[in-house]
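Peer 1: Once you've had a glance at the structure underneath, I'll fire off some questions.
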Amino acid sequence: MATFRSHVLVCGGTGCTSGGSDKVLETLREGIKANGLDKEITVVQTGCHGMCEAGPIVIVYPEGTFYTHVKPQDAKEIVAEHLLKGRVVERLLYKEAMHSEAVPHYNELPFYSKQVRLTLRNCGYIDPDSLEEYIARDGYQALAKVLTEKTPEQVVEDMKTSGLRGRGGGGFSTGMKWMFCAKSPGPKKYVICNADEGDPGAFMDRSLLEGDPHAIIEGMAIGAYAMGADEGYIYCRAEYPLAIKRLLKSIGDAEEAGLLGENILGTGFNFTLHVKEGAGAFVCGEETALMNSIEGKRGMPRPRPPFPAIKGLWEKPSNINNVETWANVAQIMFHGPEWYASYGYEKSRGTKVFALTGKVNNTGLVEVPMGTTIREVVFDIGGGIMGGKKFKAVQIGGPSGGCLTEEHLDLPISYESLTAAGAIMGSGGLVVVDEDTCMVDMARFFLEFTQRESCGKCIPCREGTKKMLDILIRITEGKGREEDIDNLIYLGTQIKTASLCGLGQTAPNPVLTTIRYFRDEYEAHIFEKRCPAGACKALITVKIDPAKCVGCTKCTKACPVSAISGTVKQPHVIDQTLCTKCGACVEVCPFKAIDKK
Amino acid sequence: MPKISNLEELKKLREKSIAVTAARKEGKFRVIIGLGTCGIAAGGRKIMEVAMEEISKRGLKDVSVETTGCIGMCQNEPLMDIVRPGEPRVTYGNLKPEDVPRIIADHLVNGNVVEEKVIGRPE
């Protein structure tokens with residue numbers, strides 16, 4: 001086995017790949033070869049590092065130098081300067097948004113230093129396509145330990161002790177769920193991994209699948225042993241081609257190495273694993289709809305009970321957990337349940353991965369122990385709001401979740417605390433919203449999504465969300481009526497109670513929480529026909545203040561529809577019949593003479 | 001990959017594989033070679049090759065081989081620094097390839113500084 005003095009890690013996650021990291025990787029390899037360094041330096045493609053906004057990311061070990069926004073021409077410079085002459089390329093280092101100081105080392109970045117990366121420990125650190133590298137990081141040791149030292153009952157007990165709860169959003173005790181399925185009569189049982197991540201702005205599961213596929217495979221094998229299953233399915237949406245590719249490769253490698261299939265590690269335990277591609281319906285993330293889809297039926301939920309643990313896939317007892325839940329299993333078994341339970345807060349143990357997006361400086365994947373406050377996530381790790389604007393809210397839990405405001409910033413994150421505040425943990429989408437976002441419009445956006453994704457099986461969800469959406473659209477168009485808020489609350493409460501599955505039961509949440517915390521914005525739209533955030537186009541006019549305008553003509557050049565006219569050095573005017581309210585002029589005006597209200 | 005048919009084989013494979021990712025953290029022991037233009041011109045690359053060879057020949061673990069740019073002592077290149085955990089960093093200068101195995105053996109492994117080749121202690 002060749003050893004190299006230096007490893008150059010190039011992120012091959014979806015974010016960095018779309019930023020051109022493939023080309024960067026190629027350029028690095030070529031440069032290293034051309035300079036005769038290929039015997040001492042190796043280039044490795046890894047999974048996502050989580051700091052997607054700074055991508056493509058390149059890390060040079062052993063020093064741990066962290067390069068951001070690397071383009072192919074920069075890659076040449078890294079070879080010529082850093083790899084050949086040992087000089088760090090300063091201009092490519094990460095610079096903190098708040099200060100402009102360069103941070104050279106991976107573990108010194110504030111984005112990473114506050115995180116506790118248990119689930120994501122291998123993401124961005126190993127080559128996900130290499131079984132060898134996973135084994136080097138204690139991979140499959142937990143499976144071996146479980147198969148040789150523990151009874152299935154002990155594994156279930158350990159899961160209960162660890163306190164792990166469903167990371168897909170439900171928050172149900174994983175150990176309890178396993179126990180129900182383990183107690184169901186066999187012999188045929190299934191374990192399923194829900195990788196149908198569909199929330200807008202959520203990419204935790206994708207990054208795990210792409211960055212550490214073996215961790216999910218190992219977790220599922222342990223679960224199958226504990227519950228007496230011999231077959232498993234990973235239901236992954238077809239929109240994740242890279243995740244599917246890496247999963248298939250990893251399953252193939254594990255089979256070849258005898259870590260999947262018949263008589264695993266000589267213990268007599270058998271487990272085969274399949275990947276089923278979903279066709280892109282959000283509702284298939286609901287467990288019963290997902291099982292229908294695997295069976296080849298239309299993806300629609302069915303009433304529970306019977307629960308999957310009794311009658312699941314092909315009417316056999318089945319256990320379904322989401323990607324992040326499965327990814328935690330092997331580590332819990334390797335380090336022991338008490339180790340895992342030592343992280344966390346009250347009844348929420350361990351860590352949670354969040355996809356931090358929206359109007360925040362550092363967008364990306366963030367893993368923190370339960371009990372971390374939202375302020376720490378948004379301001380310390382996220383680096384605060386873009387452009388120094390004012391924080392308004394976070395939408396947590398995606399289209400099924402709710403929003404939390406400034407008063408909740410110091411709320412420790414746990415399943416219970418979020419539910420009490422009207423939001424949910426959800427799968428972990430965290431969208432940060434600033435003063436320029438209209439809360440009514442945001443509620444409309446999320447409801448439009450769930451409404452479109454409603455499968456149509458039950459009336460409250462199919463008709464109810466449509467009615468709610470009609471009202472919201474009307475309000476944002478300035479045609480709101482006095483009774484609208486009450487009707488939204490009434491409809492929302494009914495839909496939550498009467499819908500068949502989780503999609504309908506949670507779809508009204510964004511509307512209900514924005515009414516709860518931002519009722520004044522709804523009222524401004526309805527009674528004053530005004531959008532306080534200046535986002536709803538029907539309710540705003542863009543005007544030039546003649547007292548401030550010096551006639552510099554910058555706005556006329558910026559206007560895409562030529563709606564602005566005037567003579568040089570004279571105040572300009574906007575033709576309201578032509579204006580599309582895009583706001584391009586507001587941004588270019590050096591004198592802040594243009595107002596959007 | 002060959003078939004892993006029992007726990008013992010998995011453990012062995014893990015031991016073997018650890019070296020694969022070992023370079024992805026700063027080792028407790030560090031060997032730092034000056035590879036600025038001056039270092040390269042004076043033969044620093046050869047020094048590094050010998051150092052790496054020696055480290056792998058002895059199967060030393062937890063040692064990282066790093067490079068650094070010009071530190072301003074060009075007349076003393078090639079330079080090589082040795083850092084042992086908890087001990088001050090020592091800079092060796094005017095090295096010839098044949099000096100390297102001795103420094104690795106005496107200093108890096110056994111902790112005895114090879115005084116005649118030392119040109120400074122930067123910290």
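Scheme for the structure tokens: letters A, B, ... for chains in order shown; per-chain residue numbers from 1; ligand numbers from 1 in order shown.
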List every residue of region 271-344 of chain A that DSSP, applied to the backbone of this structure, places in strand (DSSP E), and write the result as a PyMOL selection string.
Peer 2: chain A and resi 271-278+318-322+344
Peer 1: Distance limit 6 Å, atoms considered: only C-alpha atoms. Which chain A residues sit that close to chain B? Return them as a list in words.
Peer 2: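 Output check: Arg5, Tyr61, Pro62, Glu63, Lys85, Gly86, Arg87, Ile135, Ala136, Ala257, Gly258, Leu265 and Gly266 of chain A.
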Peer 1: Using only C-alpha atoms, determine which residues lie at most 6 Å from region 121-131 of chain A, disregarding the query and same-chain residues fewer than 2 positions distant; provide the list as a list in words.
Peer 2: Gln45, Thr46, Gly47, Cys48, His49, Arg117, Leu118, Thr119, Glu133, Tyr134, Gly211 and Asp212 of chain A
Peer 1: How would the residues just chosen look if you wrote them out with N, CA and C atoms as a PDB file, in the first residue's frame?
Peer 2:
ATOM      1  N   GLN A  45     -11.368  12.366  -3.958  1.00  0.00           N
ATOM      2  CA  GLN A  45     -12.671  13.019  -4.056  1.00  0.00           C
ATOM      3  C   GLN A  45     -13.505  12.586  -2.862  1.00  0.00           C
ATOM      4  N   THR A  46     -14.046  13.548  -2.125  1.00  0.00           N
ATOM      5  CA  THR A  46     -14.822  13.222  -0.927  1.00  0.00           C
ATOM      6  C   THR A  46     -16.271  13.629  -1.097  1.00  0.00           C
ATOM      7  N   GLY A  47     -17.045  13.373  -0.051  1.00  0.00           N
ATOM      8  CA  GLY A  47     -18.422  13.856  -0.009  1.00  0.00           C
ATOM      9  C   GLY A  47     -18.453  15.295   0.464  1.00  0.00           C
ATOM     10  N   CYS A  48     -19.651  15.752   0.765  1.00  0.00           N
ATOM     11  CA  CYS A  48     -19.888  17.159   1.088  1.00  0.00           C
ATOM     12  C   CYS A  48     -19.250  17.567   2.414  1.00  0.00           C
ATOM     13  N   HIS A  49     -18.603  18.732   2.435  1.00  0.00           N
ATOM     14  CA  HIS A  49     -18.036  19.269   3.668  1.00  0.00           C
ATOM     15  C   HIS A  49     -19.048  20.093   4.440  1.00  0.00           C
ATOM     16  N   ARG A 117     -19.652  17.031  14.912  1.00  0.00           N
ATOM     17  CA  ARG A 117     -19.978  16.214  13.748  1.00  0.00           C
ATOM     18  C   ARG A 117     -19.829  14.728  14.062  1.00  0.00           C
ATOM     19  N   LEU A 118     -20.931  14.123  14.494  1.00  0.00           N
ATOM     20  CA  LEU A 118     -20.955  12.681  14.729  1.00  0.00           C
ATOM     21  C   LEU A 118     -21.489  11.984  13.484  1.00  0.00           C
ATOM     22  N   THR A 119     -22.688  12.393  13.072  1.00  0.00           N
ATOM     23  CA  THR A 119     -23.309  11.779  11.899  1.00  0.00           C
ATOM     24  C   THR A 119     -22.509  12.093  10.638  1.00  0.00           C
ATOM     25  N   GLU A 133     -11.412   2.983   2.889  1.00  0.00           N
ATOM     26  CA  GLU A 133     -11.326   4.177   3.725  1.00  0.00           C
ATOM     27  C   GLU A 133     -12.385   4.156   4.816  1.00  0.00           C
ATOM     28  N   TYR A 134     -13.564   3.624   4.493  1.00  0.00           N
ATOM     29  CA  TYR A 134     -14.609   3.522   5.516  1.00  0.00           C
ATOM     30  C   TYR A 134     -14.153   2.566   6.617  1.00  0.00           C
ATOM     31  N   GLY A 211     -21.853  11.226   0.828  1.00  0.00           N
ATOM     32  CA  GLY A 211     -20.576  11.385   1.510  1.00  0.00           C
ATOM     33  C   GLY A 211     -20.162  10.192   2.358  1.00  0.00           C
ATOM     34  N   ASP A 212     -21.125   9.386   2.794  1.00  0.00           N
ATOM     35  CA  ASP A 212     -20.797   8.267   3.674  1.00  0.00           C
ATOM     36  C   ASP A 212     -21.802   7.130   3.489  1.00  0.00           C
TER      37      ASP A 212
END
Peer 1: What separation in Å, quoted to one decimal, exists between CA of Ile424 (chain A) and CA of Ser162 (chain A)?
Peer 2: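 These two atoms are separated by 21.6 Å.
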Peer 1: Rounded to one decimal, what separation in Å do you get between CA of Phe4 (chain A) and CA of Glu40 (chain A)?
Peer 2: 4.7 Å
